[in-house]
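Engineer: Coordinates in input-v7.csv, CSV, C-alpha atoms and all ligand atoms, are listed below.
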chain,number,residue,atom,x,y,z
M,82,MET,CA,73.4,14.8,2.8
M,83,ALA,CA,69.8,15.2,1.7
M,84,ASP,CA,70.4,17.8,-1.0
M,85,ALA,CA,73.7,16.4,-2.4
M,86,LYS,CA,74.3,16.8,-6.1
M,87,GLY,CA,75.1,13.1,-6.3
M,88,LYS,CA,76.8,10.2,-4.5
M,89,ILE,CA,80.4,9.5,-5.5
M,90,LEU,CA,82.6,6.6,-4.7
M,91,ILE,CA,86.3,7.4,-4.7
M,92,VAL,CA,88.6,4.4,-5.3
M,93,ASP,CA,92.3,4.9,-4.8
M,94,ASP,CA,95.0,3.0,-2.9
M,95,GLU,CA,96.7,6.3,-1.9
M,96,PRO,CA,95.0,7.8,1.2
M,97,SER,CA,96.1,11.3,0.3
M,98,ILE,CA,94.5,11.3,-3.1
M,99,ARG,CA,91.3,9.8,-1.7
M,100,GLU,CA,91.1,12.5,0.9
M,101,LEU,CA,92.0,15.3,-1.5
M,102,VAL,CA,89.3,14.2,-4.0
M,103,LYS,CA,86.7,13.8,-1.2
M,104,LEU,CA,87.5,17.2,0.2
M,105,LYS,CA,87.1,18.9,-3.2
M,106,LEU,CA,83.9,17.0,-4.2
M,107,THR,CA,82.3,17.4,-0.8
M,108,ASP,CA,83.0,21.1,-1.1
M,109,ASP,CA,81.3,21.0,-4.6
M,110,GLY,CA,78.2,19.5,-3.0
M,111,TYR,CA,78.6,15.7,-3.5
M,112,GLU,CA,78.3,13.0,-0.9
M,113,CYS,CA,81.4,10.8,-1.1
M,114,ASP,CA,82.4,7.3,0.1
M,115,LEU,CA,85.9,6.0,0.0
M,116,ALA,CA,87.4,2.6,-1.0
M,117,GLN,CA,91.1,1.7,-0.9
M,118,ASP,CA,90.9,-1.0,-3.6
M,119,ALA,CA,88.7,-2.4,-6.4
M,120,GLU,CA,87.4,-5.4,-4.4
M,121,THR,CA,86.2,-3.1,-1.6
M,122,ALA,CA,84.6,-0.8,-4.2
M,123,LEU,CA,82.8,-3.6,-5.9
M,124,SER,CA,81.3,-4.8,-2.6
M,125,MET,CA,80.2,-1.3,-1.7
M,126,LEU,CA,78.6,-1.0,-5.1
M,127,SER,CA,76.6,-4.2,-4.5
M,128,LEU,CA,75.2,-2.5,-1.4
M,129,CYS,CA,74.6,1.0,-2.4
M,130,ALA,CA,73.8,3.0,-5.6
M,131,TYR,CA,76.2,5.7,-6.7
M,132,ASP,CA,75.9,8.3,-9.4
M,133,GLY,CA,79.6,8.3,-10.1
M,134,ILE,CA,82.8,6.4,-9.4
M,135,LEU,CA,86.3,8.0,-9.6
M,136,SER,CA,88.9,5.3,-9.7
M,137,ASP,CA,92.6,4.9,-9.9
M,138,VAL,CA,93.9,2.4,-12.5
M,139,ASN,CA,96.9,0.8,-10.8
M,140,MET,CA,96.0,-0.5,-7.4
M,141,PRO,CA,97.2,-3.6,-5.5
M,142,GLY,CA,94.9,-6.6,-6.4
M,143,MET,CA,92.3,-5.8,-9.1
M,144,SER,CA,93.0,-2.9,-11.4
M,145,GLY,CA,90.7,-0.1,-12.0
M,146,ILE,CA,90.2,-1.3,-15.6
M,147,GLU,CA,89.1,-4.8,-14.5
M,148,MET,CA,86.8,-3.2,-11.9
M,149,LEU,CA,85.2,-1.1,-14.7
M,150,ARG,CA,84.7,-4.2,-16.8
M,151,ARG,CA,82.9,-5.9,-13.9
M,152,ILE,CA,80.8,-2.9,-13.1
M,153,ARG,CA,79.6,-2.7,-16.7
M,154,LEU,CA,78.3,-6.3,-16.6
M,155,THR,CA,75.5,-5.1,-14.2
M,156,ASP,CA,75.3,-1.4,-14.5
M,157,GLU,CA,75.4,0.5,-17.8
M,158,ASP,CA,74.6,3.9,-16.4
M,159,VAL,CA,76.8,4.7,-13.4
M,160,ALA,CA,79.3,7.4,-14.4
M,161,VAL,CA,82.9,6.1,-14.1
M,162,ILE,CA,85.9,8.4,-14.3
M,163,ILE,CA,89.3,6.8,-14.5
M,164,MET,CA,92.3,8.6,-13.0
M,165,THR,CA,95.6,7.7,-14.7
M,166,GLY,CA,99.2,8.6,-14.3
M,167,ALA,CA,100.2,11.1,-17.0
M,168,PRO,CA,102.0,8.6,-19.2
M,169,ASP,CA,99.3,5.9,-19.0
M,170,LEU,CA,97.4,6.8,-22.2
M,171,ALA,CA,96.8,3.2,-23.1
M,172,ALA,CA,94.9,2.6,-19.8
M,173,ALA,CA,92.8,5.7,-20.5
M,174,VAL,CA,91.9,4.5,-24.0
M,175,GLU,CA,91.1,1.0,-22.7
M,176,ALA,CA,88.9,2.5,-19.9
M,177,MET,CA,87.0,4.7,-22.4
M,178,LYS,CA,86.4,1.7,-24.7
M,179,LEU,CA,84.9,-0.2,-21.7
M,180,GLY,CA,82.4,2.6,-21.0
M,181,ALA,CA,84.2,5.0,-18.8
M,182,HIS,CA,82.6,8.5,-19.1
M,183,ASP,CA,85.9,10.3,-18.9
M,184,HIS,CA,89.5,10.2,-17.6
M,185,LEU,CA,91.6,12.5,-15.5
M,186,SER,CA,95.4,12.7,-15.4
M,187,LYS,CA,97.4,12.8,-12.2
M,188,PRO,CA,98.4,15.0,-10.6
M,189,LEU,CA,94.9,16.2,-10.5
M,190,ASN,CA,93.8,19.6,-11.6
M,191,LEU,CA,91.0,20.2,-9.1
M,192,ASP,CA,89.0,22.6,-11.3
M,193,MET,CA,89.1,20.0,-14.0
M,194,LEU,CA,88.0,17.4,-11.4
M,195,THR,CA,84.9,19.4,-10.6
M,196,LEU,CA,84.0,20.0,-14.2
M,197,THR,CA,84.6,16.3,-15.2
M,198,VAL,CA,82.5,14.9,-12.4
M,199,GLU,CA,79.8,17.4,-13.0
M,200,ARG,CA,79.6,16.5,-16.7
M,201,ALA,CA,79.7,12.8,-16.0
M,202,VAL,CA,77.0,12.8,-13.4
M,203,GLU,CA,74.8,15.0,-15.6
M,204,LYS,CA,75.3,12.6,-18.5
M,205,LYS,CA,74.5,9.7,-16.3
M,206,ARG,CA,71.3,11.5,-15.1
M,207,LEU,CA,70.2,12.2,-18.7
M,208,VAL,CA,70.8,8.6,-19.8
M,209,ALA,CA,68.8,7.3,-16.9
M,210,GLN,CA,66.1,9.8,-17.6
M,211,ASN,CA,66.0,8.8,-21.2
M,212,ARG,CA,65.8,5.1,-20.3
M,213,GLU,CA,62.9,5.9,-17.9
M,214,TYR,CA,61.2,7.8,-20.7
M,215,GLN,CA,61.7,4.9,-23.1
M,216,ARG,CA,60.2,2.6,-20.6
M,217,ASN,CA,57.2,4.8,-20.0
M,218,LEU,CA,56.8,5.2,-23.7
M,219,GLU,CA,56.9,1.5,-24.3
M,220,SER,CA,54.3,0.9,-21.6
M,221,MET,CA,52.2,3.7,-23.0
M,222,VAL,CA,52.4,2.2,-26.5
M,223,HIS,CA,51.6,-1.2,-25.0
M,224,GLU,CA,48.6,0.2,-23.2
M,225,ARG,CA,47.3,2.0,-26.3
M,226,THR,CA,47.8,-1.1,-28.4
M,227,LYS,CA,45.7,-3.1,-25.9
M,228,GLN,CA,43.0,-0.4,-26.0
M,229,LEU,CA,43.0,-0.4,-29.8
M,230,ASN,CA,42.9,-4.1,-30.0
M,231,SER,CA,40.0,-4.2,-27.7
M,232,ALA,CA,38.2,-1.5,-29.7
M,233,ASN,CA,39.0,-3.5,-32.8
M,234,ASP,CA,37.6,-6.7,-31.2
M,235,ASN,CA,34.4,-4.8,-30.3
M,236,LEU,CA,34.0,-3.4,-33.8
M,237,ARG,CA,34.6,-6.9,-35.3
M,238,SER,CA,32.1,-8.5,-33.1
M,239,LEU,CA,29.6,-5.7,-33.8
M,240,PHE,CA,30.2,-6.3,-37.5
M,241,ILE,CA,29.8,-10.0,-37.3
M,242,GLY,CA,26.7,-9.5,-35.2
M,243,SER,CA,25.2,-7.2,-37.8
M,244,ILE,CA,25.9,-9.7,-40.6
M,245,LYS,CA,24.1,-12.4,-38.6
M,246,ALA,CA,21.3,-10.1,-37.6
M,247,LEU,CA,20.7,-9.3,-41.3
M,248,ALA,CA,20.6,-13.0,-42.1
M,249,GLN,CA,18.2,-13.6,-39.2
M,250,ALA,CA,15.9,-10.8,-40.4
M,251,LEU,CA,15.4,-12.8,-43.6
M,252,GLU,CA,15.0,-16.1,-41.7
M,253,ALA,CA,12.3,-14.6,-39.6
M,254,LYS,CA,10.4,-13.9,-42.8
M,255,ASP,CA,11.2,-17.1,-44.7
M,256,GLU,CA,10.6,-20.2,-42.6
M,257,TYR,CA,12.5,-22.4,-45.1
M,258,THR,CA,15.7,-20.5,-44.8
M,259,GLN,CA,16.2,-21.3,-41.0
M,260,GLY,CA,20.0,-21.8,-40.6
M,261,HIS,CA,20.5,-21.9,-44.4
M,262,SER,CA,22.7,-18.7,-44.5
M,263,ALA,CA,25.0,-20.0,-41.7
M,264,ARG,CA,25.3,-23.4,-43.4
M,265,VAL,CA,26.1,-21.9,-46.8
M,266,ALA,CA,28.7,-19.6,-45.1
M,267,GLU,CA,30.3,-22.6,-43.4
M,268,GLU,CA,30.3,-24.8,-46.5
M,269,SER,CA,31.7,-22.0,-48.7
M,270,VAL,CA,34.5,-21.4,-46.2
M,271,ARG,CA,35.3,-25.1,-46.2
M,272,ILE,CA,35.7,-25.1,-50.0
M,273,ALA,CA,37.7,-21.8,-50.0
M,274,ARG,CA,40.0,-23.3,-47.4
M,275,TYR,CA,40.4,-26.4,-49.4
M,276,LEU,CA,41.4,-24.3,-52.4
M,277,SER,CA,43.9,-22.4,-50.2
M,278,LEU,CA,42.3,-19.0,-50.8
M,279,SER,CA,43.7,-16.0,-48.8
M,280,GLU,CA,42.3,-15.2,-45.4
M,281,ALA,CA,40.9,-11.9,-46.8
M,282,GLU,CA,39.0,-13.9,-49.6
M,283,ILE,CA,37.8,-16.5,-47.1
M,284,GLN,CA,36.5,-13.7,-44.9
M,285,SER,CA,34.6,-12.2,-47.8
M,286,ILE,CA,33.2,-15.6,-48.8
M,287,TRP,CA,32.0,-16.2,-45.2
M,288,ILE,CA,30.2,-12.8,-45.2
M,289,ALA,CA,28.7,-13.5,-48.6
M,290,GLY,CA,27.5,-16.9,-47.4
M,291,PHE,CA,25.5,-15.2,-44.7
M,292,LEU,CA,24.1,-12.5,-46.9
M,293,HIS,CA,23.7,-14.3,-50.2
M,294,ASP,CA,19.9,-14.5,-50.0
M,295,ILE,CA,19.3,-11.2,-48.1
M,296,GLY,CA,17.5,-9.9,-51.2
M,297,LYS,CA,14.6,-12.3,-50.4
M,298,ILE,CA,13.6,-9.7,-47.8
M,299,GLY,CA,12.1,-7.9,-50.8
M,300,VAL,CA,10.2,-10.9,-52.0
M,301,LYS,CA,6.6,-11.4,-50.8
M,302,GLU,CA,6.2,-13.8,-47.8
M,303,SER,CA,3.3,-15.6,-49.6
M,304,VAL,CA,5.7,-16.4,-52.4
M,305,LEU,CA,8.7,-17.4,-50.1
M,306,ASN,CA,6.5,-19.6,-48.0
M,307,LYS,CA,4.3,-21.1,-50.7
M,308,PRO,CA,4.0,-24.8,-50.1
M,309,GLY,CA,3.7,-25.8,-53.8
M,310,LYS,CA,5.6,-25.0,-57.0
M,311,LEU,CA,5.8,-21.3,-58.0
M,312,ASP,CA,4.0,-19.9,-61.0
M,313,ALA,CA,6.0,-18.0,-63.7
M,314,MET,CA,5.4,-14.5,-62.1
M,315,GLU,CA,6.3,-15.7,-58.6
M,316,TRP,CA,9.4,-17.4,-59.9
M,317,GLU,CA,10.4,-14.1,-61.7
M,318,SER,CA,10.0,-12.3,-58.4
M,319,VAL,CA,12.2,-14.8,-56.6
M,320,LYS,CA,14.8,-14.5,-59.3
M,321,GLU,CA,15.1,-10.8,-58.4
M,322,HIS,CA,16.7,-11.6,-55.0
M,323,PRO,CA,20.4,-11.5,-56.1
M,324,VAL,CA,20.0,-8.0,-57.6
M,325,LEU,CA,17.9,-6.8,-54.6
M,326,ALA,CA,20.7,-8.1,-52.3
M,327,ALA,CA,23.3,-6.2,-54.2
M,328,ARG,CA,21.2,-3.1,-53.9
M,329,ILE,CA,20.6,-3.5,-50.2
M,330,LEU,CA,24.4,-3.9,-49.5
M,331,ASP,CA,25.4,-1.2,-52.0
M,332,PRO,CA,26.0,1.6,-49.4
M,333,ILE,CA,28.6,-0.5,-47.6
M,334,ASP,CA,31.9,0.2,-49.5
M,335,GLU,CA,33.8,-2.4,-47.5
M,336,LEU,CA,31.6,-5.1,-49.0
M,337,ARG,CA,32.5,-4.5,-52.7
M,338,ASP,CA,33.8,-8.0,-53.2
M,339,VAL,CA,31.0,-9.5,-51.2
M,340,ILE,CA,28.4,-7.7,-53.2
M,341,LYS,CA,29.7,-9.2,-56.5
M,342,MET,CA,29.6,-12.7,-55.0
M,343,VAL,CA,26.1,-12.2,-53.7
M,344,ARG,CA,24.8,-10.7,-57.0
M,345,HIS,CA,26.2,-13.7,-59.0
M,346,HIS,CA,25.5,-16.7,-56.8
M,347,HIS,CA,22.8,-17.9,-59.2
M,348,GLU,CA,24.9,-17.6,-62.4
M,349,ARG,CA,25.6,-21.0,-64.1
M,350,PHE,CA,29.0,-22.0,-65.4
M,351,ASP,CA,27.6,-22.4,-68.9
M,352,GLY,CA,26.1,-18.9,-68.9
M,353,SER,CA,22.5,-19.8,-68.6
M,354,GLY,CA,22.0,-18.5,-65.0
M,355,TYR,CA,20.8,-15.2,-63.6
M,356,PRO,CA,20.8,-12.2,-63.2
M,357,ASP,CA,23.5,-11.4,-65.8
M,358,GLY,CA,24.1,-14.7,-67.7
M,359,LEU,CA,27.8,-14.6,-66.9
M,360,ALA,CA,29.8,-17.7,-67.8
M,361,GLY,CA,33.0,-19.5,-66.6
M,362,PRO,CA,35.7,-17.3,-65.1
M,363,ASP,CA,33.5,-14.2,-65.7
M,364,ILE,CA,31.6,-15.3,-62.6
M,365,PRO,CA,33.5,-14.2,-59.5
M,366,LEU,CA,35.2,-17.2,-57.9
M,367,GLY,CA,33.5,-16.6,-54.6
M,368,ALA,CA,30.1,-16.7,-56.4
M,369,ARG,CA,31.0,-20.1,-58.0
M,370,ILE,CA,31.9,-21.4,-54.6
M,371,LEU,CA,28.7,-20.0,-53.0
M,372,SER,CA,26.7,-21.6,-55.9
M,373,VAL,CA,28.0,-25.1,-54.9
M,374,ALA,CA,27.5,-24.6,-51.2
M,375,ASP,CA,24.1,-23.1,-51.7
M,376,ALA,CA,22.9,-26.0,-53.9
M,377,TYR,CA,24.3,-28.6,-51.5
M,378,ASP,CA,22.3,-27.1,-48.6
M,379,ALA,CA,19.2,-26.7,-50.8
M,380,LEU,CA,19.3,-30.3,-52.0
M,381,THR,CA,20.0,-31.9,-48.6
M,382,SER,CA,17.3,-29.7,-46.8
M,383,LYS,CA,13.6,-30.6,-46.5
M,384,ARG,CA,11.3,-28.7,-48.8
M,385,PRO,CA,7.5,-28.2,-48.6
M,386,TYR,CA,7.2,-30.4,-51.7
M,387,ARG,CA,10.0,-33.0,-51.1
M,388,GLU,CA,12.1,-34.7,-48.5
M,389,PRO,CA,15.8,-33.9,-48.2
M,390,MET,CA,18.1,-35.7,-50.7
M,391,THR,CA,20.7,-38.1,-49.3
M,392,SER,CA,24.3,-37.0,-49.5
M,393,GLU,CA,24.9,-39.6,-52.3
M,394,GLU,CA,21.9,-38.3,-54.4
M,395,ALA,CA,23.2,-34.7,-54.0
M,396,ILE,CA,26.7,-35.7,-55.0
M,397,GLN,CA,25.4,-37.3,-58.2
M,398,ILE,CA,23.7,-34.0,-59.1
M,399,PHE,CA,27.0,-32.2,-58.7
M,400,LYS,CA,28.8,-34.7,-60.8
M,401,ASP,CA,26.1,-34.3,-63.5
M,402,GLY,CA,26.1,-30.5,-63.2
M,403,ALA,CA,29.9,-30.0,-63.3
M,404,GLY,CA,30.8,-27.9,-66.3
M,405,THR,CA,27.1,-26.8,-66.9
M,406,GLN,CA,25.6,-25.5,-63.7
M,407,PHE,CA,28.8,-25.6,-61.6
M,408,ASP,CA,32.5,-24.8,-62.0
M,409,PRO,CA,34.0,-28.3,-62.4
M,410,VAL,CA,37.0,-27.3,-60.3
M,411,ILE,CA,34.9,-26.2,-57.4
M,412,VAL,CA,32.8,-29.4,-57.7
M,413,GLU,CA,36.0,-31.5,-57.7
M,414,ALA,CA,37.3,-29.7,-54.6
M,415,PHE,CA,33.9,-30.0,-52.8
M,416,LEU,CA,33.4,-33.7,-53.6
M,417,SER,CA,36.9,-34.6,-52.5
M,418,PHE,CA,36.1,-33.8,-48.9
M,419,THR,CA,32.3,-34.2,-48.8
M,420,ASP,CA,32.4,-38.0,-49.0
M,421,LYS,CA,34.7,-38.4,-46.0
M,422,ARG,CA,33.7,-35.8,-43.4
M,423,GLU,CA,31.6,-36.1,-40.3
M,424,SER,CA,28.5,-34.0,-40.1
M,425,SER,CA,29.5,-32.5,-36.8
M,426,GLU,CA,32.9,-31.3,-38.1
M,427,HIS,CA,33.6,-27.6,-37.6
M,428,VAL,CA,35.4,-25.3,-39.9
M,429,PRO,CA,38.2,-23.5,-38.0
M,430,TYR,CA,37.9,-19.8,-38.7
M,431,PRO,CA,40.8,-17.7,-37.3
M,432,ILE,CA,39.3,-14.3,-37.8
M,433,PHE,CA,35.8,-14.8,-36.7
M,434,GLY,CA,36.3,-17.9,-34.6
M,435,SER,CA,34.7,-21.3,-35.4
M,436,VAL,CA,31.5,-21.3,-37.4
M,437,PRO,CA,29.7,-24.4,-36.3
M,438,LEU,CA,27.6,-26.5,-38.5
M,439,HIS,CA,24.0,-26.3,-37.5
M,440,ASP,CA,22.2,-29.2,-35.9
M,441,ALA,CA,20.9,-31.7,-38.5
M,442,LYS,CA,17.3,-31.1,-37.1
M,443,GLN,CA,17.4,-27.6,-38.5
M,444,LEU,CA,18.2,-28.7,-42.0
M,445,HIS,CA,15.1,-27.5,-43.8
M,446,SER,CA,15.5,-24.6,-46.1
M,447,GLN,CA,14.5,-23.3,-49.4
M,448,GLY,CA,18.1,-22.6,-50.5
M,449,GLU,CA,17.6,-20.8,-53.8
Y,501,FE,FE,20.6,-19.7,-50.8
Y,502,FE,FE,19.8,-17.5,-53.6
Can the structure from this file be put into structure tokens for me?
Ligand SMILES: [Fe+2]
Ligand SMILES: [Fe+2]
Structural biologist:
Amino acid sequence: MADAKGKILIVDDEPSIRELVKLKLTDDGYECDLAQDAETALSMLSLCAYDGILSDVNMPGMSGIEMLRRIRLTDEDVAVIIMTGAPDLAAAVEAMKLGAHDHLSKPLNLDMLTLTVERAVEKKRLVAQNREYQRNLESMVHERTKQLNSANDNLRSLFIGSIKALAQALEAKDEYTQGHSARVAEESVRIARYLSLSEAEIQSIWIAGFLHDIGKIGVKESVLNKPGKLDAMEWESVKEHPVLAARILDPIDELRDVIKMVRHHHERFDGSGYPDGLAGPDIPLGARILSVADAYDALTSKRPYREPMTSEEAIQIFKDGAGTQFDPVIVEAFLSFTDKRESSEHVPYPIFGSVPLHDAKQLHSQGE
């Protein structure tokens, strides 16, 4: 019956009731199968999908209630209508609690039978439709989330690429800063991690490390690449670079914290640094961290007028400068792992991935 309103299984041990119900429901437009007991009904259910089941309660062998309990273990949706003898209200209540859609009393009122089956099958259809809708919705949400994540990844990688490109623009101009920005970023992240800063702070510090000297783009190449000591005017122009950097980055609202770190990376803990002469905790924490990382890379890098310091010599400078040039807490944190680590050690970076230390051959930078 291709255009049947639904497929119904009628379960009753009395042949006359089975036939009566089948006759009425077939007349109503349903396709009907018959089972004389619950066991037969369960095996038919395992072979064929039904929209509704009309079942007697008291049958030889398994009861209609037990059959319903078993059906619900594997099928939440199929509409089940229990047919009870008039006095058997307890069975009807039990059946409803187990998930029967409705119940009918014997002797059957055939109009009521039609109405009840129609309602139950319609409810089953709506529930199945709703479940299908939910499934589609979940898969749509899943798909959209994947697309958004992918767009997000693209944006993030574009952002990281832009930060690195800016740093490289400077390094193309200043031969002594090759790899300096990346190393300062890495060293700063190492310190920030050691101090258990939040991921958001670490991310800002990483970006600030890459961009801290970007203001040198505005300093003359002849000054940046001068092989000897700088004269007073040249030195003054180099000292402009933190302010220039803050100006260059100013249009990017998302970098508010980064800009503060960059502007103040040459402040000294005792207040004698530049550009604003901030002291102690007035200097943003990220800037105090950058200051140590920046100085370490500058000291251990080759300069036109001197060879790189050894790690031990640099460490002595930090010990001497703790409390004057540098925040003593940052120095303490930095020294506590600097002595022990391997030079090839990488800093794990969960948001941007690993930021590898550069090859020791590249360690020559001006570092201010
Ligand atoms: Fe620097
Ligand atoms: Fe600098």
Engineer: Could you please extract the residues within 10 Å of ligand FE 501 (chain Y), counting only C-alpha atoms and all ligand atoms, and hand them back as a PyMOL selection string?
Structural biologist: chain M and resi 258+261-262+264-266+290-295+297+322-323+343+346-347+371-372+374-379+446-449
Engineer: In terms of the shortest atom-to-atom distance over all atoms listed in the file, which of M:Val102, M:Ala232, M:Ala281, M:Ala172 is closest to M:Asp192?
Structural biologist: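 Of M:Val102, M:Ala232, M:Ala281, M:Ala172, the one nearest M:Asp192, counting all atoms listed in the file, is M:Val102.
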Engineer: Hey, which of M:Leu380, M:Glu280, M:Ala313, M:Leu247 ends up closest to M:Leu330? Count all atoms listed in the file.
Structural biologist: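 For M:Leu330, the nearest of the candidates is M:Leu247.
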Engineer: Near stretch 90-97 of chain M, counting all atoms listed in the file, which residues have an atom at most 7 Å away, once you skip same-chain residues fewer than 4 positions from it, shown as a list in words?
Structural biologist: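 The filter keeps Leu101, Cys113, Asp114, Leu115, Ala116, Gln117, Asp118, Ala119, Ala122, Tyr131, Gly133, Ile134, Leu135, Ser136, Asp137 and Met140 of chain M.
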Engineer: Mind checking which residues fall within 6 Å of M:Ile162, counting all atoms listed in the file, ignoring those fewer than 6 positions away in the same chain, and posting them as an MDAnalysis selection string?
Structural biologist: chainID M and resid 135 181:184
Engineer: Rank nothing, just name the residue among M:Glu348, M:Glu413, M:Asp156, M:Glu219 nearest to ligand FE 502 (chain Y), using all atoms listed in the file.
Structural biologist: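 Looking at the shortest contact to ligand FE 502 (chain Y), the residue is M:Glu348.
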Engineer: Please provide as a list of chain:residue names all residues within 8 Å of M:Gly361, with the sequence filter that same-chain residues fewer than 5 positions apart are discarded (counting only C-alpha atoms).
Structural biologist: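 Non-adjacent residues within range: M:Arg349, M:Phe350, M:Asp351, M:Gly352, M:Asp408.
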Engineer: Atom CA of M:Ile411 to atom CA of M:Lys320: how many Å, to one decimal?
Structural biologist: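 Atom-to-atom, atom CA of M:Ile411 to atom CA of M:Lys320, that is 23.3 Å.
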Engineer: Let me make sure I understand: among M:Val324, M:Met221, M:Leu179, M:Leu196, which one has the smallest atom-to-atom distance to ligand FE 502 (chain Y) if we use all atoms listed in the file?
Structural biologist: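 That would be M:Val324, the residue with the smallest distance to ligand FE 502 (chain Y).
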Engineer: Take the point (19.6, -16.5, -42.3) as written in the file and pick out every residue within 6 Å of it, counting all atoms listed in the file; give the list as a PyMOL selection string.
Structural biologist: chain M and resi 248-249+251-252+260-262
Engineer: To one decimal place in Å, what is the distance between atom CA of M:Leu189 and atom CA of M:Met164?
Structural biologist: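 Atom CA of M:Met164 lies 8.4 Å from atom CA of M:Leu189.
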Engineer: Please report the interatomic distance between atom CA of M:Ile364 and atom CA of M:Val339 in Å with one decimal.
Structural biologist: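 If I compute the distance from atom CA of M:Ile364 to atom CA of M:Val339, I get 12.8 Å.
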Engineer: With distances taken over only C-alpha atoms, which of M:His345, M:Lys103, M:Arg200, M:Lys310 is nearest to M:Ala327?
Structural biologist: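 Among the listed residues, M:His345 lies closest to M:Ala327.
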Engineer: Would you please work out which residue, of M:Met390, M:Met342, M:Met193, M:Met125, is nearest to ligand FE 502 (chain Y) when using only C-alpha atoms and all ligand atoms?
Structural biologist: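 The shortest atom-to-atom distance to ligand FE 502 (chain Y) comes from M:Met342.
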Engineer: Which neighbours of M:Phe399 fall inside 12 Å, counting all atoms listed in the file, when residues of the same chain fewer than 2 positions from it are skipped, and could you give them as a ChimeraX atom specification?
Structural biologist: /M:372-377,380,392-397,401-417,419
Engineer: Please put the answer as JSON: centre and edge lengths, in Å with one decimal, of a box along x, y and z that encloses all listed atoms of stretch 215-226 of chain M plus 6 Å on each side.
Structural biologist:
{"center_x": 54.5, "center_y": 2.0, "center_z": -24.2, "size_x": 26.4, "size_y": 18.4, "size_z": 20.4}
Engineer: For M:Asp169, list every protein, DNA or RNA residue within 12 Å, evaluated using only C-alpha atoms, and leave out those in the same chain fewer than 4 positions away; present the list as a list in words.
Structural biologist: Asp137, Val138, Asn139, Ile163, Met164, Thr165, Ala173, Val174, Glu175, Ala176, His184, Leu185, Ser186 and Lys187 of chain M
